[in-house]
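work.txt (compact mmCIF, C-alpha atoms)
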```
# COMPACT_ATOMS: atom_id res chain seq x y z
CA MET A 1 -9.80 -192.47 52.12
CA LYS A 2 -10.67 -192.88 55.79
CA ASN A 3 -8.03 -190.31 56.77
CA LEU A 4 -9.77 -187.43 54.98
CA ASN A 5 -11.68 -184.97 57.11
CA ILE A 6 -15.26 -183.90 56.38
CA GLU A 7 -14.28 -180.80 54.36
CA GLU A 8 -11.93 -182.77 52.12
CA ARG A 9 -14.59 -185.46 51.58
CA ALA A 10 -17.19 -182.82 50.67
CA LYS A 11 -14.76 -181.17 48.22
CA LEU A 12 -14.00 -184.52 46.63
CA ALA A 13 -17.73 -185.30 46.32
CA LEU A 14 -18.42 -181.92 44.67
CA LEU A 15 -15.72 -182.61 42.11
CA GLY A 16 -17.46 -185.87 41.21
CA GLY A 17 -15.31 -188.29 43.16
CA CYS A 18 -16.70 -191.46 44.69
CA ILE A 19 -17.25 -190.99 48.41
CA ARG A 20 -18.66 -193.52 50.79
CA TRP A 21 -20.46 -191.36 53.35
CA GLN A 22 -20.94 -194.33 55.66
CA ASP A 23 -17.20 -194.13 56.41
CA THR A 24 -17.40 -190.45 57.37
CA PRO A 25 -16.79 -189.96 61.09
CA ILE A 26 -19.71 -188.38 62.90
CA GLN A 27 -18.90 -185.24 64.81
CA ILE A 28 -20.29 -185.30 68.34
CA THR A 29 -21.54 -181.89 69.45
CA ARG A 30 -23.11 -180.73 72.73
CA THR A 31 -26.50 -180.78 71.03
CA ALA A 32 -25.97 -184.32 69.78
CA VAL A 33 -24.98 -185.46 73.25
CA ALA A 34 -27.95 -183.70 74.87
CA THR A 35 -30.48 -185.16 72.43
CA ASP A 36 -29.11 -188.69 72.28
CA PRO A 37 -31.97 -191.15 72.98
CA MET A 38 -29.57 -193.46 74.82
CA ASN A 39 -29.35 -190.80 77.54
CA LEU A 40 -32.76 -191.81 78.79
CA SER A 41 -31.31 -195.00 80.23
CA ARG A 42 -28.75 -193.08 82.38
CA ASP A 43 -29.79 -191.29 85.56
CA GLY A 44 -29.02 -187.58 85.73
CA TRP A 45 -28.07 -187.19 82.06
CA TRP A 46 -29.81 -183.82 81.85
CA LYS A 47 -27.32 -182.27 84.27
CA ASN A 48 -24.68 -182.30 81.52
CA ALA A 49 -27.12 -180.80 79.03
CA GLU A 50 -28.07 -177.79 81.18
CA PRO A 51 -26.90 -174.38 79.93
CA HIS A 52 -23.46 -173.31 81.16
CA ASP A 53 -21.44 -170.12 80.80
CA ALA A 54 -17.89 -169.93 79.41
CA GLU A 55 -16.35 -171.18 82.67
CA GLY A 56 -18.72 -174.15 82.84
CA ARG A 57 -20.91 -172.72 85.62
CA GLU A 58 -24.61 -173.38 85.34
CA ILE A 59 -26.64 -170.35 84.31
CA ILE A 60 -29.31 -171.03 86.92
CA ARG A 61 -26.74 -171.06 89.73
CA LEU A 62 -25.40 -167.72 88.50
CA LEU A 63 -28.87 -166.19 88.53
CA GLU A 64 -29.42 -167.51 92.05
CA SER A 65 -26.15 -166.02 93.30
CA LYS A 66 -27.04 -162.60 91.86
CA GLY A 67 -30.47 -162.74 93.53
CA LEU A 68 -32.39 -162.57 90.26
CA ILE A 69 -34.31 -165.75 91.00
CA ASN A 70 -35.21 -167.31 94.34
CA SER A 71 -34.61 -170.99 93.69
CA ALA A 72 -33.40 -173.20 90.90
CA ASP A 73 -36.26 -175.60 91.53
CA GLU A 74 -39.04 -173.03 91.37
CA PHE A 75 -39.00 -169.75 89.43
CA HIS A 76 -40.78 -166.82 91.07
CA PRO A 77 -41.35 -163.76 88.87
CA SER A 78 -41.08 -160.31 90.36
CA ALA A 79 -44.23 -158.70 91.76
CA GLN A 80 -44.14 -155.92 89.17
CA TRP A 81 -43.93 -158.41 86.29
CA ALA A 82 -46.79 -160.46 87.78
CA ARG A 83 -48.98 -157.34 88.02
CA ARG A 84 -48.29 -156.44 84.38
CA ARG A 85 -49.01 -160.03 83.28
CA ASP A 86 -52.28 -160.11 85.23
CA ALA A 87 -53.33 -156.72 83.83
CA ALA A 88 -52.64 -157.91 80.27
CA ARG A 89 -54.64 -161.11 80.85
CA HIS A 90 -57.52 -159.10 82.32
CA GLU A 91 -57.49 -156.77 79.30
CA GLN A 92 -57.63 -159.78 76.96
CA ASP A 93 -60.50 -161.36 78.87
CA ASN A 94 -62.42 -158.08 79.33
CA PRO A 95 -61.79 -155.82 76.34
CA GLY A 96 -62.50 -152.18 77.15
CA ALA A 97 -62.79 -152.74 80.91
CA ALA A 98 -59.54 -150.89 81.59
CA ALA A 99 -60.73 -147.90 79.57
CA GLY A 100 -63.28 -147.20 82.31
CA ASP A 101 -66.39 -147.56 80.20
CA ASP A 102 -69.54 -148.23 82.17
CA ASP A 103 -71.65 -151.33 81.80
CA GLU A 104 -74.67 -149.34 80.67
CA SER A 105 -73.47 -147.84 77.40
CA GLU A 106 -76.14 -145.98 75.46
CA LEU A 107 -75.60 -148.36 72.53
CA ALA A 108 -75.61 -151.56 74.59
CA PRO A 109 -78.77 -153.67 74.36
CA HIS A 110 -81.40 -152.85 76.98
CA GLU A 111 -83.12 -155.51 79.08
CA ASN A 112 -86.42 -155.48 77.19
CA GLU A 113 -84.94 -154.89 73.71
CA THR A 114 -85.08 -157.66 71.10
CA VAL A 115 -82.16 -158.60 68.86
CA ALA A 116 -83.87 -157.12 65.78
CA SER A 117 -84.78 -153.84 67.48
CA TRP A 118 -81.27 -153.49 68.95
CA LEU A 119 -79.64 -154.02 65.54
CA SER A 120 -81.98 -151.46 63.95
CA ARG A 121 -81.19 -148.95 66.72
CA LEU A 122 -77.46 -149.54 66.20
CA ALA A 123 -77.81 -149.10 62.44
CA THR A 124 -79.43 -145.68 62.88
CA LYS A 125 -76.98 -144.41 65.52
CA LEU A 126 -73.65 -145.68 64.18
CA ASP A 127 -71.78 -144.36 61.16
CA ILE A 128 -70.29 -147.54 59.73
CA ASN A 129 -67.47 -146.93 57.23
CA ASP A 130 -64.82 -148.96 55.38
CA ALA A 131 -63.10 -151.14 58.00
CA GLN A 132 -66.10 -151.02 60.31
CA LYS A 133 -68.33 -152.59 57.65
CA ILE A 134 -66.56 -155.87 58.24
CA LEU A 135 -67.24 -155.64 61.96
CA TRP A 136 -70.88 -154.70 61.30
CA SER A 137 -71.40 -157.66 58.96
CA ALA A 138 -69.72 -159.95 61.51
CA LEU A 139 -72.08 -158.72 64.23
CA GLN A 140 -75.07 -159.19 61.94
CA GLY A 141 -73.93 -162.72 61.15
CA TYR A 142 -73.51 -163.49 64.83
CA ALA A 143 -76.91 -162.00 65.71
CA SER A 144 -78.62 -163.92 62.90
CA ARG A 145 -78.01 -167.13 64.86
CA PHE A 146 -80.68 -166.03 67.32
CA ARG A 147 -84.39 -165.42 66.85
CA GLY A 148 -85.24 -161.80 66.14
CA ASP A 149 -87.76 -161.64 68.99
CA SER A 150 -85.39 -162.97 71.68
CA LYS A 151 -84.00 -160.56 74.26
CA ALA A 152 -80.68 -159.15 73.06
CA ALA A 153 -79.23 -158.58 76.55
CA LYS A 154 -79.78 -162.23 77.46
CA VAL A 155 -78.81 -164.14 74.31
CA LEU A 156 -75.92 -162.08 72.91
CA ASP A 157 -72.46 -162.52 74.39
CA ALA A 158 -71.73 -159.43 76.51
CA LYS A 159 -67.97 -159.55 75.83
CA LEU A 160 -68.52 -159.66 72.09
CA VAL A 161 -71.04 -156.78 72.18
CA LYS A 162 -68.68 -154.71 74.33
CA ALA A 163 -65.74 -155.42 72.04
CA PHE A 164 -67.79 -154.43 68.99
CA LEU A 165 -68.98 -151.19 70.60
CA ASN A 166 -65.41 -150.32 71.65
CA ALA A 167 -64.13 -151.00 68.15
CA VAL A 168 -66.66 -148.82 66.34
CA ASN A 169 -66.70 -145.93 68.83
```
Mind turning the file's structure into structure tokens?
Amino acid sequence: MKNLNIEERAKLALLGGCIRWQDTPIQITRTAVATDPMNLSRDGWWKNAEPHDAEGREIIRLLESKGLINSADEFHPSAQWARRRDAARHEQDNPGAAAGDDDESELAPHENETVASWLSRLATKLDINDAQKILWSALQGYASRFRGDSKAAKVLDAKLVKAFLNAVN
């Protein structure tokens, strides 16, 4: 039975035959070689596991030769990609800042306005409908953590207030 290949053994097992899987030869693939824990004891084992093209050339060396990356040791993104990445991060950190809205929105809390008076002013000026009701209740829940007589501009998170005002306007 040791001469049967894996497919023949599987077919025999499906038909109800007695198969001893311990005698089945293990197929060694590139993935198995790359993830073998015994590789840790050999120096430079990862070189064989690096991605290669059909001719066996390393992908990183090909990218270097085409000028798409500067060095195999350190990857430098293009300046255009870095600008787009930085703009996206800035937009995530400062929602609405790219839209050009000013810091002193008419609905933003004023310096001397309390949390309770700001919420009542918002309730009278905003038309809160279906999906915005969830945002309104979330803002009320957040504002309820603070005393009603505390200054809204100081205690409320400016990013959260700005994001709420951008979402409902």
Have a look at atom CA of A:Leu122 and atom CA of A:Leu139 and let me know their distance in Å, one decimal. 10.8 Å
Quick one: distance from atom CA of A:Lys159 to atom CA of A:Arg145 in Å, one decimal? 16.7 Å
Calculate how many Å separate atom CA of A:Lys125 from atom CA of A:Asn94, rounding to one decimal. 24.3 Å
